[in-house]
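Q: One structure, as structure tokens, below. Some questions next.
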Amino acid sequence: MITRRAFLRLVGGSAFAMVSLGAYAVGIEPMLLTHVKRYTLTPPHWPAGLKLRVVALADIHACRPWMTPERIAALAEEANALQPDVIVMLGDYPAGTRIVTGWVNASEWASALSGLKAPLGVFSILGNHDWWEDRSAQAAGAGPTISRKALEAVGIPVLENDVVRLEKDGQGFWIAGLADQIALLPDRAKGRYGLTGLDDLPGTLAKVGDTDPIILLAHEPDIFPKVPRRVSLTLSGHTHGGQVRLFGYSPVVPSAYGNRYAYGHVVENDRNLIVSGGLGFSIAPIRFGVRPEILQIDLG
């Protein structure tokens, strides 16, 4: 029979463990354990001799105290230090949670991101929160969003169903960026009864003018089953790796495919997808088992 003292010790120990776990998930992993996640691969249709380093940032979700302009600027410096050929940003710049001590204006986070530098340029796409947090864009059912205007104001191009051709060492490749797949919230008055996307994958890829390889930027990874083999690599964010991940499994993933595209490098039918765990969070300020990350992807 368990004694009263043993019972109280057990309860006290359990309470301490829960408090410690909560402190880790809220304060330590999200704030102090950002790391660089590295991938090296030679995807299909990638020309021999083209060595390319892509650095990607996803899901910044600027807000105080979690993702301040000062922290974003420091992340930009860390990304630059990886000596990328090109930097891409995968969407969701505004806060995704209401549990904040203060908001960060678009001009503040965009100014912090303006420090990103790469020889071939810095390119971005938008995510669902760039649309959901913009009441004017929701009312109009169209952009430009506050996020797009803020990024363009600091000289960062935003690709929404658009492409850009780049070249390194005499070899060309394309960056294709999709508009968001769940950009518009339901609005019965406007005939929208579910989340509505503005993405146009066929139209975007039709803008590619030659047979050089394509890197596709798509905020949500759910587009991946529709991506043709013509695309060498798809980069996505959005899921945050589930924010809580244990033994390679996330109990909650904002994807119709569950854990199939929750996190990491996915290869299906000779097609490659990398899903970033992101840097910030949405809904709840918690990360456990999926540290904030900057992606470094070496191709070739």
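As shown in the structure tokens, the chain order sets the letters A, B, ...; within each chain, residues go from 1, and ligands are also counted from 1 in the order they appear.
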List the spatial neighbours of Ala62 (chain A) as a ChimeraX atom specification - criterion: any atom at most 8 Å away, only C-alpha atoms, same-chain residues fewer than 3 positions off excluded.

A: /A:66-69,72,93-95,103-104,109,280

Q: Mind checking DSSP for region 124-164 of chain A and telling me the helix (DSSP H, G or I) residues as a ChimeraX atom specification?

A: /A:128-132,135-140,146-153

Q: Looking only at strand (DSSP E) from DSSP on the backbone, list the matching residues of region 144-231 of chain A as a list in words.

A: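 Of region 144-231 of chain A, only Asp162, Val163, Val164, Arg165, Leu166, Glu167, Lys168, Gln171, Gly172, Phe173, Trp174, Ile175, Ala176, Gly177, Ile214, Ile215, Leu216 and Leu217 of chain A fall in strand (DSSP E).
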
Q: Could you list, as a list in words, every residue within 8 Å of Ser250 (chain A), counting only C-alpha atoms and ignoring same-chain residues fewer than 3 positions away?

A: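 Result of the neighbour search: Gly241, Gly242, Gln243, Val244, Arg245, Leu246, Val253, Asn259 and Ala262 of chain A.
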
Q: Using only C-alpha atoms, which of the listed residues (A:Val252, A:Val290, A:Ala284, A:Ile175) sits closest to Val54 (chain A)?

A: A:Ile175

Q: Here is a test: counting only C-alpha atoms, which residue of A:Leu184, A:Leu273, A:Leu201, A:Ile286 is nearest to Gly141 (chain A)?

A: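 Result for the nearest residue to Gly141 (chain A): A:Leu184.
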
Q: Point out the residue among A:Leu41, A:Val100, A:Ala139, A:Val88 with the least atom-to-atom distance to Arg188 (chain A), counting only C-alpha atoms.

A: A:Ala139

Q: Which one of A:Ile214, A:Val227, A:Val36, A:Ala48 sits closest to Gln296 (chain A) if you count only C-alpha atoms?

A: A:Val36

Q: Using only C-alpha atoms, determine which residues lie at most 12 Å from Arg135 (chain A), disregarding the query and same-chain residues fewer than 4 positions distant; provide the list as a ChimeraX atom specification.

A: /A:129-131,139-146,183-185

Q: Suppose we keep all heavy atoms; can you now write the selection as an mmCIF file, in the first residue's frame?

A:
```cif
data_model
loop_
_atom_site.group_PDB
_atom_site.id
_atom_site.type_symbol
_atom_site.label_atom_id
_atom_site.label_comp_id
_atom_site.auth_asym_id
_atom_site.auth_seq_id
_atom_site.Cartn_x
_atom_site.Cartn_y
_atom_site.Cartn_z
ATOM 1 N N HIS A 129 -1.340 32.591 -43.647
ATOM 2 C CA HIS A 129 -1.493 33.666 -42.664
ATOM 3 C C HIS A 129 -1.222 35.040 -43.269
ATOM 4 O O HIS A 129 -1.715 36.045 -42.745
ATOM 5 C CB HIS A 129 -0.602 33.413 -41.450
ATOM 6 C CG HIS A 129 -1.152 32.377 -40.517
ATOM 7 N ND1 HIS A 129 -2.118 32.659 -39.573
ATOM 8 C CD2 HIS A 129 -0.906 31.050 -40.409
ATOM 9 C CE1 HIS A 129 -2.426 31.567 -38.907
ATOM 10 N NE2 HIS A 129 -1.705 30.569 -39.404
ATOM 11 N N ASP A 130 -0.470 35.094 -44.340
ATOM 12 C CA ASP A 130 -0.287 36.374 -45.029
ATOM 13 C C ASP A 130 -1.600 36.848 -45.631
ATOM 14 O O ASP A 130 -1.796 38.057 -45.832
ATOM 15 C CB ASP A 130 0.777 36.231 -46.123
ATOM 16 C CG ASP A 130 2.114 35.819 -45.546
ATOM 17 O OD1 ASP A 130 2.626 36.546 -44.688
ATOM 18 O OD2 ASP A 130 2.639 34.757 -45.932
ATOM 19 N N TRP A 131 -2.492 35.925 -45.894
ATOM 20 C CA TRP A 131 -3.835 36.251 -46.388
ATOM 21 C C TRP A 131 -4.839 36.333 -45.252
ATOM 22 O O TRP A 131 -5.645 37.255 -45.184
ATOM 23 C CB TRP A 131 -4.274 35.195 -47.415
ATOM 24 C CG TRP A 131 -3.602 35.364 -48.736
ATOM 25 C CD1 TRP A 131 -2.413 34.816 -49.148
ATOM 26 C CD2 TRP A 131 -4.054 36.168 -49.823
ATOM 27 N NE1 TRP A 131 -2.106 35.225 -50.417
ATOM 28 C CE2 TRP A 131 -3.103 36.051 -50.860
ATOM 29 C CE3 TRP A 131 -5.160 36.984 -50.017
ATOM 30 C CZ2 TRP A 131 -3.236 36.708 -52.075
ATOM 31 C CZ3 TRP A 131 -5.308 37.635 -51.237
ATOM 32 C CH2 TRP A 131 -4.350 37.504 -52.237
ATOM 33 N N ALA A 139 -11.543 40.727 -47.863
ATOM 34 C CA ALA A 139 -12.766 41.375 -48.344
ATOM 35 C C ALA A 139 -12.765 41.496 -49.865
ATOM 36 O O ALA A 139 -13.794 41.300 -50.514
ATOM 37 C CB ALA A 139 -12.909 42.755 -47.711
ATOM 38 N N ALA A 140 -11.586 41.783 -50.427
ATOM 39 C CA ALA A 140 -11.492 41.942 -51.878
ATOM 40 C C ALA A 140 -11.370 40.608 -52.601
ATOM 41 O O ALA A 140 -11.668 40.517 -53.793
ATOM 42 C CB ALA A 140 -10.293 42.816 -52.220
ATOM 43 N N GLY A 141 -10.926 39.590 -51.873
ATOM 44 C CA GLY A 141 -10.683 38.294 -52.518
ATOM 45 C C GLY A 141 -9.474 38.334 -53.428
ATOM 46 O O GLY A 141 -9.303 37.478 -54.301
ATOM 47 N N ALA A 142 -8.601 39.309 -53.213
ATOM 48 C CA ALA A 142 -7.432 39.476 -54.069
ATOM 49 C C ALA A 142 -6.405 40.337 -53.350
ATOM 50 O O ALA A 142 -6.725 41.047 -52.383
ATOM 51 C CB ALA A 142 -7.824 40.132 -55.395
ATOM 52 N N GLY A 143 -5.185 40.301 -53.837
ATOM 53 C CA GLY A 143 -4.108 41.106 -53.296
ATOM 54 C C GLY A 143 -3.932 42.395 -54.064
ATOM 55 O O GLY A 143 -4.833 42.791 -54.817
ATOM 56 N N PRO A 144 -2.819 43.078 -53.852
ATOM 57 C CA PRO A 144 -1.669 42.616 -53.074
ATOM 58 C C PRO A 144 -1.918 42.693 -51.569
ATOM 59 O O PRO A 144 -2.566 43.615 -51.083
ATOM 60 C CB PRO A 144 -0.547 43.578 -53.488
ATOM 61 C CG PRO A 144 -1.262 44.838 -53.865
ATOM 62 C CD PRO A 144 -2.550 44.391 -54.493
ATOM 63 N N THR A 145 -1.398 41.710 -50.872
ATOM 64 C CA THR A 145 -1.547 41.674 -49.425
ATOM 65 C C THR A 145 -0.559 42.628 -48.761
ATOM 66 O O THR A 145 0.401 43.105 -49.373
ATOM 67 C CB THR A 145 -1.273 40.259 -48.891
ATOM 68 O OG1 THR A 145 0.074 39.899 -49.225
ATOM 69 C CG2 THR A 145 -2.231 39.239 -49.480
ATOM 70 N N ILE A 146 -0.788 42.860 -47.485
ATOM 71 C CA ILE A 146 0.139 43.669 -46.691
ATOM 72 C C ILE A 146 1.529 43.043 -46.723
ATOM 73 O O ILE A 146 2.545 43.748 -46.857
ATOM 74 C CB ILE A 146 -0.365 43.795 -45.247
ATOM 75 C CG1 ILE A 146 -1.648 44.629 -45.205
ATOM 76 C CG2 ILE A 146 0.695 44.394 -44.333
ATOM 77 C CD1 ILE A 146 -2.352 44.610 -43.860
ATOM 78 N N ALA A 183 -5.789 30.462 -49.414
ATOM 79 C CA ALA A 183 -5.634 31.889 -49.133
ATOM 80 C C ALA A 183 -6.890 32.549 -48.580
ATOM 81 O O ALA A 183 -6.817 33.396 -47.687
ATOM 82 C CB ALA A 183 -5.190 32.611 -50.407
ATOM 83 N N LEU A 184 -8.063 32.189 -49.115
ATOM 84 C CA LEU A 184 -9.283 32.912 -48.785
ATOM 85 C C LEU A 184 -10.148 32.109 -47.817
ATOM 86 O O LEU A 184 -10.446 30.934 -48.041
ATOM 87 C CB LEU A 184 -10.065 33.220 -50.062
ATOM 88 C CG LEU A 184 -9.308 34.060 -51.103
ATOM 89 C CD1 LEU A 184 -10.163 34.266 -52.343
ATOM 90 C CD2 LEU A 184 -8.874 35.398 -50.506
ATOM 91 N N LEU A 185 -10.555 32.770 -46.766
ATOM 92 C CA LEU A 185 -11.407 32.142 -45.755
ATOM 93 C C LEU A 185 -12.841 32.012 -46.262
ATOM 94 O O LEU A 185 -13.257 32.739 -47.178
ATOM 95 C CB LEU A 185 -11.386 32.977 -44.481
ATOM 96 C CG LEU A 185 -10.037 33.049 -43.762
ATOM 97 C CD1 LEU A 185 -10.037 34.194 -42.744
ATOM 98 C CD2 LEU A 185 -9.724 31.732 -43.070
#
```

Q: Counting only C-alpha atoms, which residue out of A:Asp199, A:Asp298, A:Glu293, A:Glu77 sits closest to His35 (chain A)?

A: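 Looking only at the distances to His35 (chain A), the closest residue turns out to be A:Glu293.
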
Q: Using only C-alpha atoms, find the one residue out of A:Ala73, A:Ala56, A:Ile297, A:Ala137 that sits nearest to Gly115 (chain A).

A: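 Selected residue with least distance to Gly115 (chain A): A:Ala73.
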